[in-house]
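Source file data.txt; content: compact mmCIF, C-alpha atoms and all ligand atoms.
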```txt
# COMPACT_ATOMS: atom_id res chain seq x y z
CA MET A 1 93.53 165.45 51.09
CA SER A 2 94.29 165.32 54.85
CA ALA A 3 93.94 168.34 57.14
CA THR A 4 97.74 168.55 57.18
CA GLU A 5 98.01 168.69 53.38
CA THR A 6 95.24 171.27 52.93
CA LEU A 7 96.79 173.60 55.50
CA SER A 8 100.31 173.25 54.13
CA ALA A 9 99.04 175.15 51.07
CA VAL A 10 98.97 178.32 53.19
CA ALA A 11 102.80 178.34 53.04
CA SER A 12 102.42 180.24 49.74
CA GLU A 13 100.87 183.13 51.68
CA PHE A 14 104.15 183.81 53.51
CA PRO A 15 106.52 185.72 51.21
CA VAL A 16 109.59 185.08 53.40
CA LEU A 17 109.24 181.33 52.90
CA ARG A 18 110.28 181.81 49.25
CA ARG A 19 113.76 182.83 50.41
CA GLN A 20 116.76 180.57 50.02
CA PHE A 21 120.01 180.58 51.99
CA ASP A 22 123.04 179.25 50.08
CA GLY A 23 120.63 177.59 47.67
CA ARG A 24 118.70 175.89 50.47
CA PRO A 25 115.01 176.60 51.00
CA LEU A 26 114.08 178.13 54.34
CA THR A 27 112.76 175.68 56.93
CA TYR A 28 111.28 177.92 59.57
CA LEU A 29 110.81 176.08 62.86
CA ASP A 30 110.98 179.08 65.18
CA SER A 31 107.43 180.42 65.24
CA ALA A 32 107.34 180.15 69.04
CA ALA A 33 109.99 182.93 69.04
CA THR A 34 108.21 184.98 66.41
CA SER A 35 105.85 183.86 63.68
CA GLN A 36 106.21 184.80 60.03
CA THR A 37 103.76 187.24 58.48
CA PRO A 38 101.11 186.16 55.95
CA GLN A 39 100.38 188.46 53.00
CA PRO A 40 96.94 189.64 54.25
CA VAL A 41 98.61 191.08 57.38
CA ILE A 42 101.32 192.78 55.31
CA ASP A 43 98.56 194.16 53.05
CA ALA A 44 96.59 195.54 56.02
CA LEU A 45 99.71 197.33 57.32
CA THR A 46 100.51 198.71 53.86
CA ARG A 47 96.91 199.86 53.37
CA TYR A 48 96.98 201.78 56.65
CA TYR A 49 100.29 203.46 55.81
CA THR A 50 99.37 204.22 52.19
CA HIS A 51 95.66 205.09 52.45
CA SER A 52 94.40 205.52 55.99
CA ARG A 53 97.17 206.96 58.16
CA ALA A 54 96.03 209.48 60.74
CA SER A 55 96.09 209.77 64.51
CA ILE A 56 93.07 208.19 66.13
CA HIS A 57 90.40 209.40 68.56
CA ARG A 58 91.38 213.05 68.18
CA GLY A 59 90.86 214.27 64.62
CA VAL A 60 87.31 214.92 63.41
CA TYR A 61 88.17 214.90 59.71
CA PRO A 62 87.17 211.80 57.65
CA LEU A 63 90.69 210.35 57.39
CA ALA A 64 91.05 210.36 61.20
CA VAL A 65 87.59 208.89 61.63
CA GLU A 66 88.50 206.12 59.18
CA ALA A 67 91.76 205.33 61.06
CA THR A 68 89.87 205.28 64.37
CA GLU A 69 87.29 202.89 62.95
CA LEU A 70 90.03 200.60 61.65
CA TYR A 71 91.75 200.55 65.06
CA GLU A 72 88.61 200.08 67.15
CA GLY A 73 87.22 197.61 64.60
CA ALA A 74 90.36 195.50 65.06
CA ARG A 75 89.84 195.57 68.83
CA GLU A 76 86.22 194.46 68.44
CA ARG A 77 87.13 191.51 66.21
CA ILE A 78 90.08 190.46 68.41
CA ALA A 79 87.85 190.57 71.51
CA ALA A 80 85.03 188.62 69.83
CA TRP A 81 87.45 186.00 68.47
CA LEU A 82 88.55 185.06 72.00
CA GLY A 83 85.20 185.56 73.73
CA SER A 84 86.07 188.86 75.40
CA THR A 85 84.59 192.36 75.05
CA PRO A 86 86.21 195.51 73.59
CA GLU A 87 86.15 197.27 76.99
CA GLU A 88 88.07 194.36 78.51
CA THR A 89 90.62 194.16 75.65
CA ILE A 90 93.60 196.47 76.18
CA PHE A 91 96.40 196.96 73.68
CA ALA A 92 99.93 196.97 75.12
CA ALA A 93 103.41 196.82 73.59
CA ASN A 94 103.70 193.05 73.97
CA ALA A 95 102.81 190.28 76.43
CA THR A 96 105.54 191.45 78.80
CA ALA A 97 104.02 194.94 78.99
CA ALA A 98 100.55 193.42 79.51
CA ILE A 99 101.76 191.39 82.50
CA ASN A 100 103.64 194.39 83.91
CA LEU A 101 100.42 196.41 83.66
CA VAL A 102 98.75 193.91 86.00
CA ALA A 103 101.76 193.61 88.32
CA TYR A 104 101.90 197.39 88.75
CA ALA A 105 98.30 198.55 88.55
CA TRP A 106 96.56 195.59 90.22
CA GLY A 107 99.53 194.32 92.21
CA ARG A 108 100.43 197.53 94.02
CA GLN A 109 96.83 198.00 95.06
CA ASN A 110 96.21 194.43 96.20
CA VAL A 111 99.45 192.77 97.32
CA GLY A 112 100.92 193.75 100.67
CA ARG A 113 103.43 192.65 103.26
CA GLY A 114 103.36 188.90 103.93
CA ASP A 115 100.95 188.14 101.05
CA LEU A 116 101.59 185.17 98.79
CA VAL A 117 101.90 185.19 94.99
CA VAL A 118 102.00 181.77 93.30
CA LEU A 119 103.79 181.13 89.99
CA THR A 120 104.86 177.89 88.35
CA GLU A 121 108.31 176.53 87.56
CA MET A 122 107.53 176.64 83.84
CA GLU A 123 107.01 180.41 83.52
CA HIS A 124 108.72 182.64 80.98
CA HIS A 125 110.78 185.41 82.61
CA SER A 126 108.05 187.87 81.60
CA ASN A 127 105.71 186.10 84.03
CA ILE A 128 108.34 185.89 86.79
CA VAL A 129 110.31 189.12 86.94
CA PRO A 130 107.33 191.55 87.26
CA TRP A 131 106.11 189.49 90.25
CA GLN A 132 109.59 189.41 91.79
CA ILE A 133 109.76 193.21 91.54
CA LEU A 134 106.28 193.50 93.08
CA CYS A 135 107.00 191.04 95.90
CA GLN A 136 110.33 192.67 96.75
CA ASP A 137 108.67 196.07 96.79
CA ARG A 138 105.76 194.86 98.95
CA GLU A 139 107.68 192.38 101.13
CA ALA A 140 105.37 189.70 99.81
CA GLU A 141 106.29 186.07 99.22
CA LEU A 142 106.66 184.20 95.91
CA ALA A 143 106.11 180.45 95.68
CA TYR A 144 106.33 178.14 92.68
CA VAL A 145 104.17 175.16 91.70
CA PRO A 146 106.69 172.43 90.79
CA VAL A 147 106.88 170.79 87.36
CA LEU A 148 106.75 166.97 87.48
CA ALA A 149 109.04 164.65 85.50
CA ASP A 150 106.37 164.24 82.79
CA GLY A 151 106.29 168.00 82.17
CA GLN A 152 102.97 168.54 83.96
CA LEU A 153 102.27 170.84 86.89
CA ASP A 154 102.08 169.27 90.34
CA LEU A 155 98.44 170.04 91.06
CA ASP A 156 98.65 168.57 94.59
CA ALA A 157 101.37 171.07 95.39
CA LEU A 158 99.16 173.81 93.92
CA GLU A 159 96.39 172.71 96.27
CA GLN A 160 98.73 173.06 99.26
CA LEU A 161 99.72 176.55 98.15
CA LEU A 162 96.08 177.51 97.64
CA ALA A 163 95.37 176.48 101.23
CA ARG A 164 97.60 179.44 102.18
CA GLU A 165 95.16 181.78 100.40
CA PRO A 166 97.44 183.47 97.89
CA LYS A 167 96.44 186.82 96.41
CA LEU A 168 97.34 185.75 92.88
CA VAL A 169 98.15 182.68 90.82
CA ALA A 170 99.98 183.42 87.56
CA LEU A 171 100.58 180.59 85.11
CA VAL A 172 101.36 179.96 81.50
CA HIS A 173 98.70 178.38 79.27
CA VAL A 174 101.17 176.62 76.93
CA SER A 175 104.81 176.36 78.06
CA ASN A 176 107.27 177.85 75.57
CA VAL A 177 109.85 175.19 76.56
CA LEU A 178 107.97 172.00 77.44
CA GLY A 179 104.96 172.61 75.23
CA THR A 180 102.73 171.51 78.14
CA ILE A 181 99.11 172.63 77.81
CA ASN A 182 98.13 173.47 81.37
CA PRO A 183 94.63 172.70 82.69
CA VAL A 184 93.88 176.40 83.00
CA ALA A 185 90.10 176.20 83.56
CA GLN A 186 90.66 173.74 86.40
CA VAL A 187 93.40 175.86 88.00
CA VAL A 188 91.23 178.98 87.71
CA GLN A 189 88.31 177.23 89.37
CA ARG A 190 90.45 176.00 92.29
CA ALA A 191 92.23 179.33 92.67
CA HIS A 192 88.93 181.23 92.69
CA ALA A 193 87.58 178.86 95.34
CA ALA A 194 90.64 179.82 97.42
CA GLY A 195 89.95 183.52 96.85
CA ALA A 196 92.88 184.14 94.46
CA ILE A 197 92.93 186.19 91.27
CA VAL A 198 94.40 184.37 88.23
CA LEU A 199 96.55 185.71 85.43
CA VAL A 200 97.15 183.42 82.46
CA ASP A 201 100.03 183.99 80.06
CA GLY A 202 98.42 182.90 76.79
CA THR A 203 101.33 183.93 74.56
CA GLN A 204 101.94 180.52 72.99
CA ALA A 205 98.34 179.34 73.32
CA VAL A 206 96.55 181.97 71.25
CA PRO A 207 98.20 181.13 67.91
CA GLN A 208 98.08 177.38 68.55
CA LEU A 209 94.78 176.45 70.24
CA PRO A 210 91.13 177.43 70.10
CA VAL A 211 90.90 179.74 73.14
CA ASP A 212 87.57 180.68 74.74
CA LEU A 213 88.16 183.20 77.50
CA ARG A 214 84.62 182.78 78.85
CA ALA A 215 85.24 179.07 79.41
CA LEU A 216 88.65 179.65 81.03
CA ASP A 217 87.24 182.35 83.34
CA ALA A 218 90.70 183.80 84.17
CA ASP A 219 90.77 187.32 85.61
CA PHE A 220 93.60 188.42 83.32
CA TYR A 221 94.80 186.83 80.07
CA SER A 222 97.82 188.20 78.20
CA TRP A 223 99.29 187.44 74.77
CA THR A 224 101.48 188.95 72.09
CA GLY A 225 100.82 189.82 68.46
CA HIS A 226 104.13 188.85 66.89
CA LYS A 227 103.71 185.16 67.75
CA ALA A 228 100.16 185.15 66.38
CA TYR A 229 101.06 186.08 62.77
CA GLY A 230 100.60 189.78 63.61
CA PRO A 231 103.07 192.68 63.69
CA THR A 232 105.72 193.20 66.34
CA GLY A 233 105.10 195.91 68.93
CA ILE A 234 101.63 194.88 70.04
CA GLY A 235 100.31 192.70 72.84
CA VAL A 236 96.91 192.26 74.41
CA LEU A 237 95.63 192.15 77.96
CA HIS A 238 92.11 190.88 78.56
CA GLY A 239 90.89 191.68 82.06
CA ARG A 240 87.75 191.26 84.07
CA ARG A 241 85.84 194.54 83.90
CA GLU A 242 85.27 194.92 87.68
CA LEU A 243 89.00 194.55 88.33
CA LEU A 244 90.05 196.88 85.51
CA GLU A 245 87.60 199.51 86.74
CA GLN A 246 89.04 199.40 90.27
CA MET A 247 92.66 199.49 89.10
CA PRO A 248 94.55 202.78 88.84
CA PRO A 249 96.25 203.51 85.50
CA PHE A 250 99.67 202.00 84.87
CA ILE A 251 101.15 204.68 82.59
CA GLY A 252 99.97 208.28 82.68
CA GLY A 253 99.84 210.76 79.79
CA GLY A 254 97.64 211.75 76.90
CA HIS A 255 94.58 209.80 75.82
CA MET A 256 93.97 208.03 79.17
CA ILE A 257 92.51 211.04 80.97
CA ARG A 258 89.06 212.58 81.26
CA THR A 259 90.19 215.86 82.89
CA VAL A 260 93.59 217.27 83.83
CA ALA A 261 93.91 220.05 86.41
CA ALA A 262 97.13 221.55 87.74
CA ASN A 263 97.54 218.99 90.50
CA GLU A 264 95.32 216.06 89.64
CA SER A 265 93.57 214.24 86.83
CA THR A 266 90.65 211.90 86.30
CA TRP A 267 90.69 208.85 84.08
CA THR A 268 88.77 208.00 80.97
CA ASP A 269 86.75 204.83 80.36
CA LEU A 270 87.95 201.31 79.65
CA PRO A 271 89.91 200.25 77.71
CA TRP A 272 91.57 203.62 77.00
CA LYS A 273 92.39 204.24 80.67
CA PHE A 274 95.25 201.78 80.12
CA GLU A 275 96.35 203.05 76.69
CA ALA A 276 98.32 206.23 77.39
CA GLY A 277 99.93 208.07 74.50
CA THR A 278 99.50 207.59 70.76
CA SER A 279 98.32 204.03 70.22
CA GLN A 280 99.96 201.26 68.19
CA ILE A 281 97.57 202.06 65.36
CA ALA A 282 99.14 200.14 62.48
CA GLU A 283 100.04 197.26 64.79
CA ALA A 284 96.49 196.88 66.09
CA ILE A 285 95.10 197.00 62.55
CA GLY A 286 97.68 194.39 61.49
CA LEU A 287 96.78 192.19 64.45
CA GLY A 288 93.10 192.50 63.52
CA ALA A 289 94.00 191.22 60.04
CA ALA A 290 95.98 188.33 61.57
CA VAL A 291 92.99 187.36 63.70
CA ASP A 292 90.66 187.51 60.66
CA TRP A 293 93.09 185.26 58.82
CA LEU A 294 93.32 182.78 61.72
CA ALA A 295 89.54 182.79 62.16
CA GLU A 296 89.10 182.05 58.45
CA LEU A 297 91.50 179.09 58.62
CA GLY A 298 89.82 177.91 61.83
CA MET A 299 91.68 177.30 65.08
CA GLU A 300 90.38 173.71 65.33
CA ARG A 301 91.94 172.99 61.96
CA ILE A 302 95.19 174.72 62.89
CA ARG A 303 95.36 172.73 66.14
CA ALA A 304 94.73 169.44 64.28
CA HIS A 305 97.42 170.28 61.72
CA GLU A 306 100.08 171.26 64.27
CA ARG A 307 99.21 168.40 66.62
CA GLY A 308 99.72 165.98 63.72
CA LEU A 309 103.12 167.50 62.98
CA VAL A 310 104.16 167.36 66.64
CA ALA A 311 103.06 163.70 66.93
CA ASP A 312 105.12 162.81 63.82
CA ALA A 313 108.12 164.83 64.94
CA LEU A 314 108.07 163.33 68.45
CA SER A 315 108.08 159.76 67.19
CA ARG A 316 110.56 160.38 64.38
CA LEU A 317 113.03 162.29 66.55
CA ALA A 318 112.93 159.53 69.18
CA ALA A 319 113.33 156.76 66.59
CA GLU A 320 115.76 158.32 64.11
CA VAL A 321 118.14 160.54 66.10
CA PRO A 322 120.42 158.66 68.50
CA GLY A 323 121.27 160.32 71.82
CA LEU A 324 118.31 162.68 71.80
CA THR A 325 116.35 163.59 74.95
CA LEU A 326 112.87 165.06 74.48
CA HIS A 327 111.67 167.45 77.19
CA GLY A 328 108.02 167.79 78.14
CA PRO A 329 104.92 165.60 77.96
CA PRO A 330 105.31 162.45 75.85
CA GLU A 331 101.97 162.78 73.99
CA ALA A 332 101.21 165.36 71.27
CA ALA A 333 97.68 165.68 72.74
CA GLU A 334 99.18 167.21 75.88
CA ARG A 335 101.41 169.64 73.99
CA GLY A 336 101.28 172.78 71.95
CA ALA A 337 103.18 173.06 68.68
CA LEU A 338 106.75 172.90 69.93
CA ILE A 339 109.41 170.41 70.96
CA SER A 340 112.50 171.11 73.08
CA PHE A 341 115.27 168.57 73.05
CA SER A 342 118.88 167.95 74.00
CA VAL A 343 121.40 166.09 71.86
CA GLU A 344 123.83 164.12 74.00
CA GLY A 345 127.37 165.46 73.67
CA ALA A 346 126.32 168.60 71.73
CA HIS A 347 125.89 172.12 73.01
CA PRO A 348 122.51 173.52 71.84
CA HIS A 349 124.31 176.53 70.37
CA ASP A 350 126.33 174.22 68.08
CA VAL A 351 123.16 172.31 67.16
CA GLY A 352 121.41 175.55 66.22
CA GLU A 353 124.40 176.87 64.30
CA ILE A 354 124.89 173.71 62.22
CA LEU A 355 121.14 173.47 61.55
CA GLY A 356 121.27 177.14 60.53
CA ARG A 357 123.86 176.33 57.86
CA GLU A 358 121.23 173.97 56.41
CA ALA A 359 118.67 176.85 56.53
CA VAL A 360 116.79 175.04 59.30
CA CYS A 361 115.81 177.72 61.82
CA VAL A 362 115.41 176.58 65.43
CA ARG A 363 115.80 178.40 68.73
CA THR A 364 118.57 177.51 71.15
CA GLY A 365 119.23 178.84 74.63
CA HIS A 366 117.40 179.12 77.93
CA HIS A 367 114.22 180.38 76.21
CA CYS A 368 113.80 183.07 78.90
CA ALA A 369 113.00 180.30 81.37
CA GLN A 370 116.11 179.96 83.54
CA PRO A 371 114.29 178.51 86.60
CA LEU A 372 112.88 175.77 84.34
CA MET A 373 116.32 175.08 82.82
CA ARG A 374 117.66 174.55 86.35
CA LYS A 375 114.80 172.19 87.09
CA LEU A 376 115.55 170.22 83.91
CA GLY A 377 119.23 170.16 84.83
CA VAL A 378 120.36 171.77 81.56
CA ALA A 379 121.85 175.15 80.71
CA ALA A 380 119.92 175.38 77.45
CA THR A 381 117.91 173.32 74.96
CA THR A 382 117.18 173.31 71.25
CA ARG A 383 113.56 174.05 70.36
CA ALA A 384 111.73 173.33 67.11
CA SER A 385 108.34 175.01 66.91
CA PHE A 386 105.66 174.46 64.30
CA ALA A 387 103.22 176.78 62.62
CA VAL A 388 100.36 176.60 60.22
CA HIS A 389 102.73 176.71 57.19
CA ASN A 390 104.91 173.74 58.25
CA SER A 391 104.62 170.29 56.70
CA SER A 392 106.20 166.88 57.09
CA ALA A 393 108.91 168.02 54.65
CA ASP A 394 110.08 170.40 57.39
CA ILE A 395 110.40 167.46 59.81
CA ASP A 396 112.46 165.62 57.15
CA ARG A 397 114.80 168.59 56.94
CA LEU A 398 115.09 168.85 60.72
CA ILE A 399 116.02 165.16 60.96
CA GLU A 400 118.50 165.44 58.08
CA GLY A 401 119.96 168.52 59.76
CA LEU A 402 120.38 166.65 63.04
CA GLU A 403 122.17 163.84 61.16
CA ARG A 404 124.49 166.52 59.85
CA VAL A 405 125.01 167.84 63.41
CA ARG A 406 125.98 164.38 64.58
CA ALA A 407 128.37 163.98 61.63
CA VAL A 408 130.04 167.40 62.09
CA LEU A 409 130.46 166.89 65.84
CA ALA A 410 131.51 163.26 65.36
CA LEU A 411 128.85 162.04 67.78
C1 LIG A 501 105.17 181.85 77.16
C2 LIG A 501 105.66 183.23 76.83
N1 LIG A 501 105.26 184.25 77.59
C3 LIG A 501 105.64 185.51 77.34
C4 LIG A 501 106.51 185.80 76.31
C5 LIG A 501 106.92 187.23 76.09
O1 LIG A 501 106.42 187.72 74.88
P1 LIG A 501 106.86 189.20 74.43
O2 LIG A 501 108.36 189.16 74.36
O3 LIG A 501 106.23 189.40 73.10
O4 LIG A 501 106.38 190.12 75.47
C6 LIG A 501 106.98 184.76 75.50
C7 LIG A 501 107.95 185.03 74.41
O5 LIG A 501 108.83 184.25 74.13
C8 LIG A 501 106.53 183.44 75.76
O6 LIG A 501 106.92 182.42 75.00
```
Can you present the structure in this file as structure tokens?
Amino acid sequence: MSATETLSAVASEFPVLRRQFDGRPLTYLDSAATSQTPQPVIDALTRYYTHSRASIHRGVYPLAVEATELYEGARERIAAWLGSTPEETIFAANATAAINLVAYAWGRQNVGRGDLVVLTEMEHHSNIVPWQILCQDREAELAYVPVLADGQLDLDALEQLLAREPKLVALVHVSNVLGTINPVAQVVQRAHAAGAIVLVDGTQAVPQLPVDLRALDADFYSWTGHKAYGPTGIGVLHGRRELLEQMPPFIGGGHMIRTVAANESTWTDLPWKFEAGTSQIAEAIGLGAAVDWLAELGMERIRAHERGLVADALSRLAAEVPGLTLHGPPEAAERGALISFSVEGAHPHDVGEILGREAVCVRTGHHCAQPLMRKLGVAATTRASFAVHNSSADIDRLIEGLERVRAVLAL
């Protein structure tokens, strides 16, 4: 049995994949928007709500101690899985909140008038808008590393921007539109040599690639639970301890303080200094279960499986669907598990709607990447994204669905 066939068996662990729409089995190709949930994660959430629910860190009774251990145990396993430490692993609401934490807490302390912040043209809005707000507030400048025609970053242009000694470089690890896997370790090394701090948006990378934060050496690395087979409502920020210690809190309230007097407060230790209010207890426990599940399957195996699917899909889409333009790097080796494309003469919304009638779920729109859409010269694209449960049968159904699109729209 090939790696692809052995992994396809995990489809049975996703209850939602047993659903049918108008008698058609679900073909879920939208994991880059949100992944489906495997049974062990559902079980971990149910166990917390049915057996172990209590508020954490405050109660001294056994049920509260158990809930605290489940929450902090999840943090420890999540940190270890990516090569981070519990103190440097902060739970946030999602990736967007994690990036905003850095833009507010680090940014307002370190970025001032006339400073430069460098982004790339392939960023998701969540890694653009917080920096726009910061730069407008601080009268700082934003500059973008261009994307080349082959979907790669223009590293010469990055070099020129680094010569201007930016305060921060923020870039995506795997583009949610082009699929491009950016050379993050190389960018971090160059940016550090230029004296810049680096934030990496690892939202698409964490569920798709083996990620070793020690090897990447980024100062901040953010990702989101709901795209990594975990619950919604939880994201993670990994940060370098020295930076996190120097940063003021982002959100104030209960749980993040050491002492509160009438007019001032002092802050508690990492990571709780950045976790004000009642934590996402169930969500963290669920994400811990997702990480256990991914670790058990093995990220190398998952990457091999999804890379095989992307290679097949790239060549079959190009060969079998007339009038199709593929966006992003031509080789599966340079891509994560997603493919954006345009069908000549068809609006992506119509493509998505007709595919939807066939129970083939894809994402259409600007993918929260409007600057990149402008660069590509399109208003929107259609995106098929692959996960551990997909198989070549899903590619068959995508191609059949696109034939149907062409027939319905008389293309
Ligand atoms: C590359 C990338 N970054 C950030 C995000 C934002 O994730 P969330 O909405 O969970 O904060 C997404 C979600 O689509 C994404 O694809």
If we count all atoms listed in the file, what is near stretch 241-252 of chain A at a cut-off of 7 Å, once residues fewer than 3 positions away on the same chain are taken out, given as a JSON list (two decimals) with C-alpha atoms, in the frame of the given file?
```
[["chain", "number", "residue", "atom", "x", "y", "z"],
["A", 88, "GLU", "CA", 88.07, 194.36, 78.51],
["A", 101, "LEU", "CA", 100.42, 196.41, 83.66],
["A", 104, "TYR", "CA", 101.90, 197.39, 88.75],
["A", 105, "ALA", "CA", 98.30, 198.55, 88.55],
["A", 106, "TRP", "CA", 96.56, 195.59, 90.22],
["A", 256, "MET", "CA", 93.97, 208.03, 79.17],
["A", 273, "LYS", "CA", 92.39, 204.24, 80.67],
["A", 274, "PHE", "CA", 95.25, 201.78, 80.12],
["A", 276, "ALA", "CA", 98.32, 206.23, 77.39]]
```
Let me have the centre and edge lengths of the axis-aligned box enclosing all listed atoms of ligand LIG 501 (chain A) with 4 Å padding on every side, in Å to one decimal, as JSON.
```
{"center_x": 107.0, "center_y": 186.0, "center_z": 75.3, "size_x": 11.7, "size_y": 16.3, "size_z": 12.5}
```
Shell of 12 Å around A:Thr46, all atoms listed in the file, local chain residues under 4 positions omitted, as a PDB file with C-alpha atoms, in the coordinates of the input:
```pdb
ATOM      1  CA  GLN A  39     100.380 188.460  53.000  1.00  0.00           C
ATOM      2  CA  PRO A  40      96.940 189.640  54.250  1.00  0.00           C
ATOM      3  CA  VAL A  41      98.610 191.080  57.380  1.00  0.00           C
ATOM      4  CA  ILE A  42     101.320 192.780  55.310  1.00  0.00           C
ATOM      5  CA  THR A  50      99.370 204.220  52.190  1.00  0.00           C
ATOM      6  CA  HIS A  51      95.660 205.090  52.450  1.00  0.00           C
ATOM      7  CA  SER A  52      94.400 205.520  55.990  1.00  0.00           C
ATOM      8  CA  ARG A  53      97.170 206.960  58.160  1.00  0.00           C
ATOM      9  CA  PRO A 231     103.070 192.680  63.690  1.00  0.00           C
ATOM     10  CA  ALA A 282      99.140 200.140  62.480  1.00  0.00           C
ATOM     11  CA  GLU A 283     100.040 197.260  64.790  1.00  0.00           C
ATOM     12  CA  ILE A 285      95.100 197.000  62.550  1.00  0.00           C
ATOM     13  CA  GLY A 286      97.680 194.390  61.490  1.00  0.00           C
ATOM     14  CA  ALA A 289      94.000 191.220  60.040  1.00  0.00           C
TER      15      ALA A 289
END
```
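Using all atoms listed in the file, the residues found no farther than 6 Å from A:Leu338, other than those of its own chain fewer than 3 positions away, are A:Gly179, A:Ala384, A:Ser385, A:Phe386.
Nearest to A:Ala311 of all the residues A:Ile339, A:Leu199, A:Leu270, A:Val362 is A:Ile339, based on only C-alpha atoms.
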Residue nearest ligand LIG 501 (chain A) among A:Ser84, A:His367, A:Lys167, A:Tyr61 (counting all atoms listed in the file): A:His367
Residue contacts of stretch 323-325 of chain A (10 Å, all atoms listed in the file) excluding same-chain residues fewer than 5 positions away, as a ChimeraX atom specification: /A:317-318,340-346,381,402,406,411
Distance filter 6 Å around ligand LIG 501 (chain A), atoms: all atoms listed in the file, out as number ranges by chain: A: 33, 94-96, 124, 126, 175-176, 201, 203-204, 224
Residues near A:Thr34, cut-off 8 Å, all atoms listed in the file, skip fewer than 4 positions along chain, as an MDAnalysis selection string: chainID A and resid 30 226:227
Given all atoms listed in the file as the counted atoms, nearest of A:Asn263, A:Thr232, A:Gln208, A:Thr364 to A:Ala379: A:Thr364
